[in-house]
Amino acid sequence: MPVLVKIAHMAELIDSVAKANHQVLGPIINDVMQFHSCAIPTISMHDYLEHVAKFVCLENDLLLAMLVYIDCITCVQNHRPAFAPSPFNIHFMALAAIVVAHKFNSDIFFNNTQYSKMNQPELELLFLAKFDLKVDVTELQQLGEWLVT
């Protein structure tokens, strides 16, 4: 399946989750986190992921890891609704998840200087994931099969 088709499927899934959460929870005003923007971005998730794909190779493993990391963030939502993906935060969540997944899974060597330059959303994602970034192969396979069906 071509990368652009995968991106379209992924964007559709992410958008539907963010919109559903926004309808249920409404706008989060007083409990915001690093991923929140002041306004809903005008760029669609599909266009955003296509733009990111110009700079990062968004292959299957990276896209699936992004979903796993976003899911990890949302597991906290039982206690804080601000962690639920919404149109206000999903772009930053996705970008932080892509950057962390790329840094963790890439064969390119990053020295400590590079890691010290991580931005706040990336650090928040790492703390929320308890620095456990390894994604189980069976979890990736199940998620991939679920997305195809």
# chains A, B, ... in the order shown; residues from 1 in each chain; ligands from 1

$ residues_around --residues "segment 7-12 of chain A" --least-positions-apart "4" --cutoff "12 Å" --atoms "only C-alpha atoms" --output "number ranges by chain"
A: 1-3, 16-19, 43-53, 57-60, 62-67, 90-91, 94, 143-144, 146-149

$ atom_distance --atom1 "atom CA of Phe127 of chain A" --atom2 "atom CA of Asp61 of chain A"
21.6 Å

$ atom_distance --atom1 "atom CA of Met93 of chain A" --atom2 "atom CA of Leu123 of chain A"
11.5 Å

$ residues_around --residues "segment 133-139 of chain A" --least-positions-apart "2" --cutoff "10 Å" --atoms "only C-alpha atoms" --output "list in words"
Asp61, Leu64, Ala65, Val68, Tyr69, Cys72, Val100, Ala101, Phe104, Asn105, Leu125, Leu126, Ala129, Lys130, Phe131, Gln141, Gln142, Leu143, Gly144 and Glu145 of chain A

$ closest_residue --among "A:Val56, A:Phe83, A:Ala39, A:Asp132" --to "His102 of chain A" --atoms "only C-alpha atoms"
A:Val56
